[in-house]
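Below is entry38.cif, which holds mmCIF, C-alpha atoms.
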data_work
loop_
_atom_site.group_PDB
_atom_site.id
_atom_site.type_symbol
_atom_site.label_atom_id
_atom_site.label_comp_id
_atom_site.auth_asym_id
_atom_site.auth_seq_id
_atom_site.Cartn_x
_atom_site.Cartn_y
_atom_site.Cartn_z
ATOM 1 C CA MET I 6 -54.896 -54.927 -16.823
ATOM 2 C CA PRO I 7 -53.698 -53.447 -13.528
ATOM 3 C CA ALA I 8 -55.767 -50.713 -11.956
ATOM 4 C CA ARG I 9 -54.542 -47.156 -12.389
ATOM 5 C CA LEU I 10 -54.213 -44.866 -9.455
ATOM 6 C CA PRO I 11 -56.104 -41.642 -9.726
ATOM 7 C CA SER I 12 -53.973 -38.504 -10.190
ATOM 8 C CA TRP I 13 -55.001 -37.120 -6.806
ATOM 9 C CA ALA I 14 -53.371 -40.167 -5.194
ATOM 10 C CA TRP I 15 -50.095 -39.482 -7.002
ATOM 11 C CA VAL I 16 -50.126 -35.836 -5.985
ATOM 12 C CA THR I 17 -50.931 -36.732 -2.375
ATOM 13 C CA GLY I 18 -48.115 -39.285 -2.260
ATOM 14 C CA LEU I 19 -45.546 -36.934 -3.774
ATOM 15 C CA THR I 20 -46.575 -34.117 -1.412
ATOM 16 C CA ALA I 21 -46.284 -36.412 1.615
ATOM 17 C CA GLY I 22 -42.835 -37.579 0.458
ATOM 18 C CA ALA I 23 -41.607 -34.021 -0.086
ATOM 19 C CA THR I 24 -42.917 -32.969 3.321
ATOM 20 C CA ALA I 25 -41.121 -35.892 4.970
ATOM 21 C CA ALA I 26 -37.856 -34.966 3.179
ATOM 22 C CA VAL I 27 -38.102 -31.346 4.358
ATOM 23 C CA VAL I 28 -38.734 -32.486 7.940
ATOM 24 C CA VAL I 29 -35.675 -34.787 7.841
ATOM 25 C CA LEU I 30 -33.471 -32.002 6.470
ATOM 26 C CA ALA I 31 -34.762 -29.548 9.082
ATOM 27 C CA VAL I 32 -33.944 -31.981 11.910
ATOM 28 C CA GLN I 33 -30.449 -32.535 10.501
ATOM 29 C CA ALA I 34 -29.863 -28.794 10.182
ATOM 30 C CA ASP I 35 -31.054 -28.207 13.742
ATOM 31 C CA ASN I 36 -28.537 -30.775 15.038
ATOM 32 C CA GLY I 37 -25.597 -29.342 13.034
ATOM 33 C CA PRO I 38 -23.281 -26.395 13.823
ATOM 34 C CA HIS I 39 -24.847 -22.959 13.923
ATOM 35 C CA PRO I 40 -23.010 -19.848 12.769
ATOM 36 C CA THR I 41 -22.941 -16.970 15.196
ATOM 37 C CA ALA I 42 -22.827 -13.306 14.349
ATOM 38 C CA ALA I 43 -22.278 -10.339 16.545
ATOM 39 C CA THR I 44 -25.058 -7.888 16.166
ATOM 40 C CA ALA I 45 -24.658 -4.302 17.102
ATOM 41 C CA ARG I 46 -27.521 -2.903 19.061
ATOM 42 C CA PRO I 47 -28.031 0.770 19.557
ATOM 43 C CA SER I 48 -27.154 1.854 23.068
ATOM 44 C CA ALA I 49 -29.616 3.680 25.237
ATOM 45 C CA SER I 50 -27.392 6.751 25.209
ATOM 46 C CA ALA I 51 -27.085 6.934 21.438
ATOM 47 C CA PRO I 52 -30.405 7.274 19.659
ATOM 48 C CA ALA I 53 -30.759 5.423 16.403
ATOM 49 C CA SER I 54 -30.501 7.646 13.366
ATOM 50 C CA THR I 55 -32.266 7.281 10.089
ATOM 51 C CA HIS I 56 -29.437 9.158 8.359
ATOM 52 C CA PRO I 57 -26.419 7.154 7.212
ATOM 53 C CA SER I 58 -23.168 8.116 8.871
ATOM 54 C CA PRO I 59 -20.795 10.089 6.659
ATOM 55 C CA LYS I 60 -18.027 8.177 4.942
ATOM 56 C CA PRO I 61 -14.580 8.876 6.355
ATOM 57 C CA LYS I 62 -12.565 11.273 4.243
ATOM 58 C CA PRO I 63 -9.379 9.845 2.780
ATOM 59 C CA SER I 64 -6.397 11.040 4.736
ATOM 60 C CA ALA I 65 -4.537 13.805 3.012
ATOM 61 C CA ALA I 66 -0.928 13.210 2.054
ATOM 62 C CA PRO I 67 1.562 15.011 4.280
ATOM 63 C CA ALA I 68 2.343 18.495 3.027
ATOM 64 C CA VAL I 69 5.714 19.340 1.532
ATOM 65 C CA PRO I 70 7.893 20.484 4.452
ATOM 66 C CA ASP I 71 8.371 24.213 4.946
ATOM 67 C CA ALA I 72 11.765 25.637 4.033
ATOM 68 C CA SER I 73 12.363 22.915 1.453
ATOM 69 C CA GLY I 74 13.079 25.360 -1.334
ATOM 70 C CA ALA I 75 11.076 26.356 -4.362
ATOM 71 C CA GLY I 76 10.575 25.057 -7.860
ATOM 72 C CA ARG I 77 11.000 21.594 -9.278
ATOM 73 C CA ARG I 78 12.796 19.379 -6.757
ATOM 74 C CA VAL I 79 12.928 16.160 -4.762
ATOM 75 C CA VAL I 80 12.383 16.686 -1.031
ATOM 76 C CA TYR I 81 13.580 14.068 1.456
ATOM 77 C CA SER I 82 12.603 14.296 5.133
ATOM 78 C CA LEU I 83 14.946 12.458 7.491
ATOM 79 C CA GLY I 84 12.462 12.544 10.376
ATOM 80 C CA GLN I 85 9.384 11.527 8.397
ATOM 81 C CA LYS I 86 11.272 8.999 6.251
ATOM 82 C CA ARG I 87 9.358 10.384 3.278
ATOM 83 C CA VAL I 88 10.054 11.740 -0.208
ATOM 84 C CA TRP I 89 8.064 14.284 -2.218
ATOM 85 C CA LEU I 90 8.416 14.898 -5.948
ATOM 86 C CA VAL I 91 7.582 18.595 -6.368
ATOM 87 C CA ASP I 92 6.827 20.178 -9.747
ATOM 88 C CA ALA I 93 7.796 23.670 -10.927
ATOM 89 C CA SER I 94 4.609 25.173 -9.435
ATOM 90 C CA ASP I 95 5.598 23.864 -5.956
ATOM 91 C CA LYS I 96 2.888 21.182 -6.017
ATOM 92 C CA ALA I 97 3.766 17.674 -4.800
ATOM 93 C CA THR I 98 2.999 15.273 -7.639
ATOM 94 C CA ARG I 99 3.875 12.208 -5.569
ATOM 95 C CA THR I 100 4.855 11.418 -1.987
ATOM 96 C CA PHE I 101 5.770 8.117 -0.361
ATOM 97 C CA GLY I 102 7.524 6.573 2.600
ATOM 98 C CA VAL I 103 11.077 5.228 2.310
ATOM 99 C CA TRP I 104 13.517 2.994 4.203
ATOM 100 C CA PRO I 105 16.713 4.960 4.884
ATOM 101 C CA GLY I 106 20.127 3.344 5.029
ATOM 102 C CA THR I 107 22.404 3.447 8.057
ATOM 103 C CA VAL I 108 24.161 6.620 6.842
ATOM 104 C CA SER I 109 22.110 9.781 6.301
ATOM 105 C CA PRO I 110 23.023 12.933 4.398
ATOM 106 C CA ALA I 111 23.164 16.217 6.292
ATOM 107 C CA ALA I 112 20.173 18.507 5.912
ATOM 108 C CA GLY I 113 20.773 20.837 2.983
ATOM 109 C CA ARG I 114 20.496 21.314 -0.756
ATOM 110 C CA TYR I 115 21.996 18.939 -3.311
ATOM 111 C CA THR I 116 21.682 18.054 -6.989
ATOM 112 C CA VAL I 117 21.406 14.712 -8.709
ATOM 113 C CA SER I 118 24.992 13.973 -9.695
ATOM 114 C CA LYS I 119 24.813 10.495 -11.205
ATOM 115 C CA ARG I 120 22.239 7.925 -12.269
ATOM 116 C CA THR I 121 22.650 4.194 -12.733
ATOM 117 C CA PRO I 122 19.746 2.172 -14.162
ATOM 118 C CA GLY I 123 20.986 -1.102 -12.641
ATOM 119 C CA PRO I 124 20.580 -3.723 -11.710
ATOM 120 C CA ILE I 125 23.644 -3.671 -9.492
ATOM 121 C CA THR I 126 24.358 -5.131 -6.079
ATOM 122 C CA GLY I 127 24.008 -2.585 -3.264
ATOM 123 C CA SER I 128 26.408 -2.371 -0.331
ATOM 124 C CA ASP I 129 23.980 -4.526 1.657
ATOM 125 C CA GLY I 130 24.122 -7.322 -0.948
ATOM 126 C CA VAL I 131 20.650 -6.644 -2.412
ATOM 127 C CA LYS I 132 20.130 -6.284 -6.187
ATOM 128 C CA ILE I 133 18.934 -2.705 -6.777
ATOM 129 C CA GLU I 134 17.856 -0.526 -9.697
ATOM 130 C CA HIS I 135 16.902 3.087 -10.464
ATOM 131 C CA ILE I 136 19.848 4.434 -8.477
ATOM 132 C CA VAL I 137 19.800 8.250 -8.262
ATOM 133 C CA TYR I 138 22.906 9.601 -6.475
ATOM 134 C CA PHE I 139 22.782 13.053 -4.898
ATOM 135 C CA ALA I 140 25.085 13.256 -1.843
ATOM 136 C CA THR I 141 28.020 11.732 -0.012
ATOM 137 C CA ALA I 142 28.254 11.069 3.684
ATOM 138 C CA PRO I 143 31.145 9.678 5.712
ATOM 139 C CA GLY I 144 31.652 6.142 4.425
ATOM 140 C CA ALA I 145 28.892 6.033 1.810
ATOM 141 C CA ASN I 146 27.375 7.548 -1.289
ATOM 142 C CA VAL I 147 23.759 8.534 -0.731
ATOM 143 C CA ALA I 148 21.209 7.590 -3.379
ATOM 144 C CA PHE I 149 17.557 6.745 -3.908
ATOM 145 C CA SER I 150 16.950 3.204 -5.201
ATOM 146 C CA ASN I 151 14.618 0.236 -5.074
ATOM 147 C CA ALA I 152 15.242 -3.484 -4.745
ATOM 148 C CA VAL I 153 14.789 -5.315 -8.047
ATOM 149 C CA ASP I 154 12.495 -7.849 -6.362
ATOM 150 C CA GLY I 155 10.447 -5.055 -4.754
ATOM 151 C CA SER I 156 11.298 -6.055 -1.197
ATOM 152 C CA SER I 157 12.011 -3.719 1.680
ATOM 153 C CA PRO I 158 15.591 -3.915 2.898
ATOM 154 C CA PRO I 159 16.462 -5.958 5.955
ATOM 155 C CA PRO I 160 18.420 -4.082 8.622
ATOM 156 C CA ALA I 161 22.044 -3.848 7.520
ATOM 157 C CA ALA I 162 23.973 -5.167 10.501
ATOM 158 C CA GLY I 163 27.422 -3.600 10.703
ATOM 159 C CA VAL I 164 27.338 -2.249 7.139
ATOM 160 C CA GLN I 165 27.323 1.429 6.230
ATOM 161 C CA THR I 166 24.645 1.956 3.613
ATOM 162 C CA GLY I 167 23.603 5.241 2.034
ATOM 163 C CA GLY I 168 20.761 3.749 0.021
ATOM 164 C CA ILE I 169 17.340 5.270 0.569
ATOM 165 C CA ARG I 170 15.104 2.407 -0.538
ATOM 166 C CA MET I 171 11.544 2.559 -1.736
ATOM 167 C CA HIS I 172 8.915 0.403 -3.431
ATOM 168 C CA ALA I 173 9.597 -0.398 -7.094
ATOM 169 C CA ALA I 174 6.888 1.937 -8.455
ATOM 170 C CA ASP I 175 8.263 4.806 -6.366
ATOM 171 C CA GLY I 176 11.795 4.002 -7.532
ATOM 172 C CA ALA I 177 10.643 4.207 -11.148
ATOM 173 C CA ALA I 178 8.964 7.566 -10.413
ATOM 174 C CA VAL I 179 12.149 8.995 -8.837
ATOM 175 C CA TRP I 180 14.157 7.656 -11.783
ATOM 176 C CA SER I 181 11.884 9.476 -14.255
ATOM 177 C CA PHE I 182 11.732 12.670 -12.201
ATOM 178 C CA GLY I 183 15.319 12.883 -10.910
ATOM 179 C CA THR I 184 17.348 13.550 -14.017
ATOM 180 C CA ALA I 185 20.937 14.815 -13.740
ATOM 181 C CA GLY I 186 20.993 18.284 -12.180
ATOM 182 C CA THR I 187 17.599 17.949 -10.463
ATOM 183 C CA LYS I 188 17.553 19.725 -7.092
ATOM 184 C CA VAL I 189 17.259 17.562 -3.971
ATOM 185 C CA THR I 190 16.465 19.133 -0.603
ATOM 186 C CA VAL I 191 17.079 17.159 2.592
ATOM 187 C CA VAL I 192 15.197 18.404 5.660
ATOM 188 C CA LYS I 193 15.194 17.218 9.237
#

Kindly return the structure encoded in the file as structure tokens.
Amino acid sequence: MPARLPSWAWVTGLTAGATAAVVVLAVQADNGPHPTAATARPSASAPASTHPSPKPKPSAAPAVPDASGAGRRVVYSLGQKRVWLVDASDKATRTFGVWPGTVSPAAGRYTVSKRTPGPITGSDGVKIEHIVYFATAPGANVAFSNAVDGSSPPPAAGVQTGGIRMHAADGAAVWSFGTAGTKVTVVK
């Protein structure tokens, strides 16, 4: 019968093997690429604080422009390229940026005159929906709408367009809010 090794010999052998494996892995890791990280160090002029810095406040939405009327209405700012949906208590329930067409309505007060659910092809060749007409300008009808595919419009080279485009969710909101007869105020 072959002689058995004592258990201490097995443990010693396994420990030596594991130690050798760790050493080999450490040498390989030392020869491989090393990640770098920029660490911020406090400057001498700014003492370290034990208090966390305050979280930035979310930026407030731009206020409804002055002289845009009163009551329930859609407000469109030509200069800010922005629309506000204002409820009967004069509170903006939604505001968002838009992409105006090449033809703009004059500043003034209008009403929603016609609505077309779409999809139809706009004067720039883009499939649009949620079309809410409210004004006419030389060479174009002016309306809020959104592209069916949700894209922003490319510049319309040489084409007169009165479409005021917006993201699809904003187009759906204007569609729901801007029923026939709804007031629309255009400000500079």

Starting from the PyMOL selection byres ((chain I and resi 121) around 9), expand the selection into actual residues of this file and give them as a CSV table (one decimal) with C-alpha atoms, in the coordinates of the input.
chain,number,residue,atom,x,y,z
I,119,LYS,CA,24.8,10.5,-11.2
I,120,ARG,CA,22.2,7.9,-12.3
I,122,PRO,CA,19.7,2.2,-14.2
I,123,GLY,CA,21.0,-1.1,-12.6
I,124,PRO,CA,20.6,-3.7,-11.7
I,125,ILE,CA,23.6,-3.7,-9.5
I,134,GLU,CA,17.9,-0.5,-9.7
I,135,HIS,CA,16.9,3.1,-10.5
I,136,ILE,CA,19.8,4.4,-8.5
I,137,VAL,CA,19.8,8.2,-8.3
I,138,TYR,CA,22.9,9.6,-6.5

For this file, the PyMOL selection byres ((chain I and resi 142) around 9) selects which residues, as JSON, numbers by chain? {"I": [108, 109, 110, 111, 140, 141, 143, 144, 145, 146, 147, 167]}

So how far away is CA of Phe139 in chain I from CA of Asn151 in chain I, in Å? 15.2 Å

With 10 Å as the cut-off and only C-alpha atoms counted, what is the closest atom pair between each nearby residue of range 117-162 of chain I and range 99-107 of chain I? Distances in Å to one decimal, ordered by chain and number, as JSON lines.
{"residue": "I:Asp129", "atom": "CA", "partner": "I:Gly106", "partner_atom": "CA", "distance": 9.4}
{"residue": "I:Ala145", "atom": "CA", "partner": "I:Thr107", "partner_atom": "CA", "distance": 9.4}
{"residue": "I:Val147", "atom": "CA", "partner": "I:Gly106", "partner_atom": "CA", "distance": 8.6}
{"residue": "I:Ala148", "atom": "CA", "partner": "I:Gly106", "partner_atom": "CA", "distance": 9.5}
{"residue": "I:Phe149", "atom": "CA", "partner": "I:Pro105", "partner_atom": "CA", "distance": 9.0}
{"residue": "I:Ser150", "atom": "CA", "partner": "I:Val103", "partner_atom": "CA", "distance": 9.7}
{"residue": "I:Asn151", "atom": "CA", "partner": "I:Val103", "partner_atom": "CA", "distance": 9.6}
{"residue": "I:Ser157", "atom": "CA", "partner": "I:Trp104", "partner_atom": "CA", "distance": 7.3}
{"residue": "I:Pro158", "atom": "CA", "partner": "I:Trp104", "partner_atom": "CA", "distance": 7.3}
{"residue": "I:Pro159", "atom": "CA", "partner": "I:Trp104", "partner_atom": "CA", "distance": 9.6}
{"residue": "I:Pro160", "atom": "CA", "partner": "I:Gly106", "partner_atom": "CA", "distance": 8.4}
{"residue": "I:Ala161", "atom": "CA", "partner": "I:Thr107", "partner_atom": "CA", "distance": 7.3}
{"residue": "I:Ala162", "atom": "CA", "partner": "I:Thr107", "partner_atom": "CA", "distance": 9.1}

Please dump the current selection as a PDB file, in the frame of the given file; keep C-alpha atoms.
ATOM      1  CA  ASP I 129      23.980  -4.526   1.657  1.00  0.00           C
ATOM      2  CA  ALA I 145      28.892   6.033   1.810  1.00  0.00           C
ATOM      3  CA  VAL I 147      23.759   8.534  -0.731  1.00  0.00           C
ATOM      4  CA  ALA I 148      21.209   7.590  -3.379  1.00  0.00           C
ATOM      5  CA  PHE I 149      17.557   6.745  -3.908  1.00  0.00           C
ATOM      6  CA  SER I 150      16.950   3.204  -5.201  1.00  0.00           C
ATOM      7  CA  ASN I 151      14.618   0.236  -5.074  1.00  0.00           C
ATOM      8  CA  SER I 157      12.011  -3.719   1.680  1.00  0.00           C
ATOM      9  CA  PRO I 158      15.591  -3.915   2.898  1.00  0.00           C
ATOM     10  CA  PRO I 159      16.462  -5.958   5.955  1.00  0.00           C
ATOM     11  CA  PRO I 160      18.420  -4.082   8.622  1.00  0.00           C
ATOM     12  CA  ALA I 161      22.044  -3.848   7.520  1.00  0.00           C
ATOM     13  CA  ALA I 162      23.973  -5.167  10.501  1.00  0.00           C
TER      14      ALA I 162
END

Taking only C-alpha atoms into account, name the residue in I:Trp180, I:Gly76, I:His172, I:Ser82 that is nearest to Ser94 in chain I. I:Gly76

Any chance you could work out the residue set of the PyMOL selection byres ((chain I and resi 190) around 8) here, as a PyMOL selection string? chain I and resi 73-74+78-81+112-115+188-189+191-192

Which value, in Å to one decimal, gives the distance between CA of Gly163 in chain I and CA of Arg87 in chain I? 24.0 Å

In Å, how far is it from CA of Asp71 in chain I to CA of Gln85 in chain I? 13.2 Å
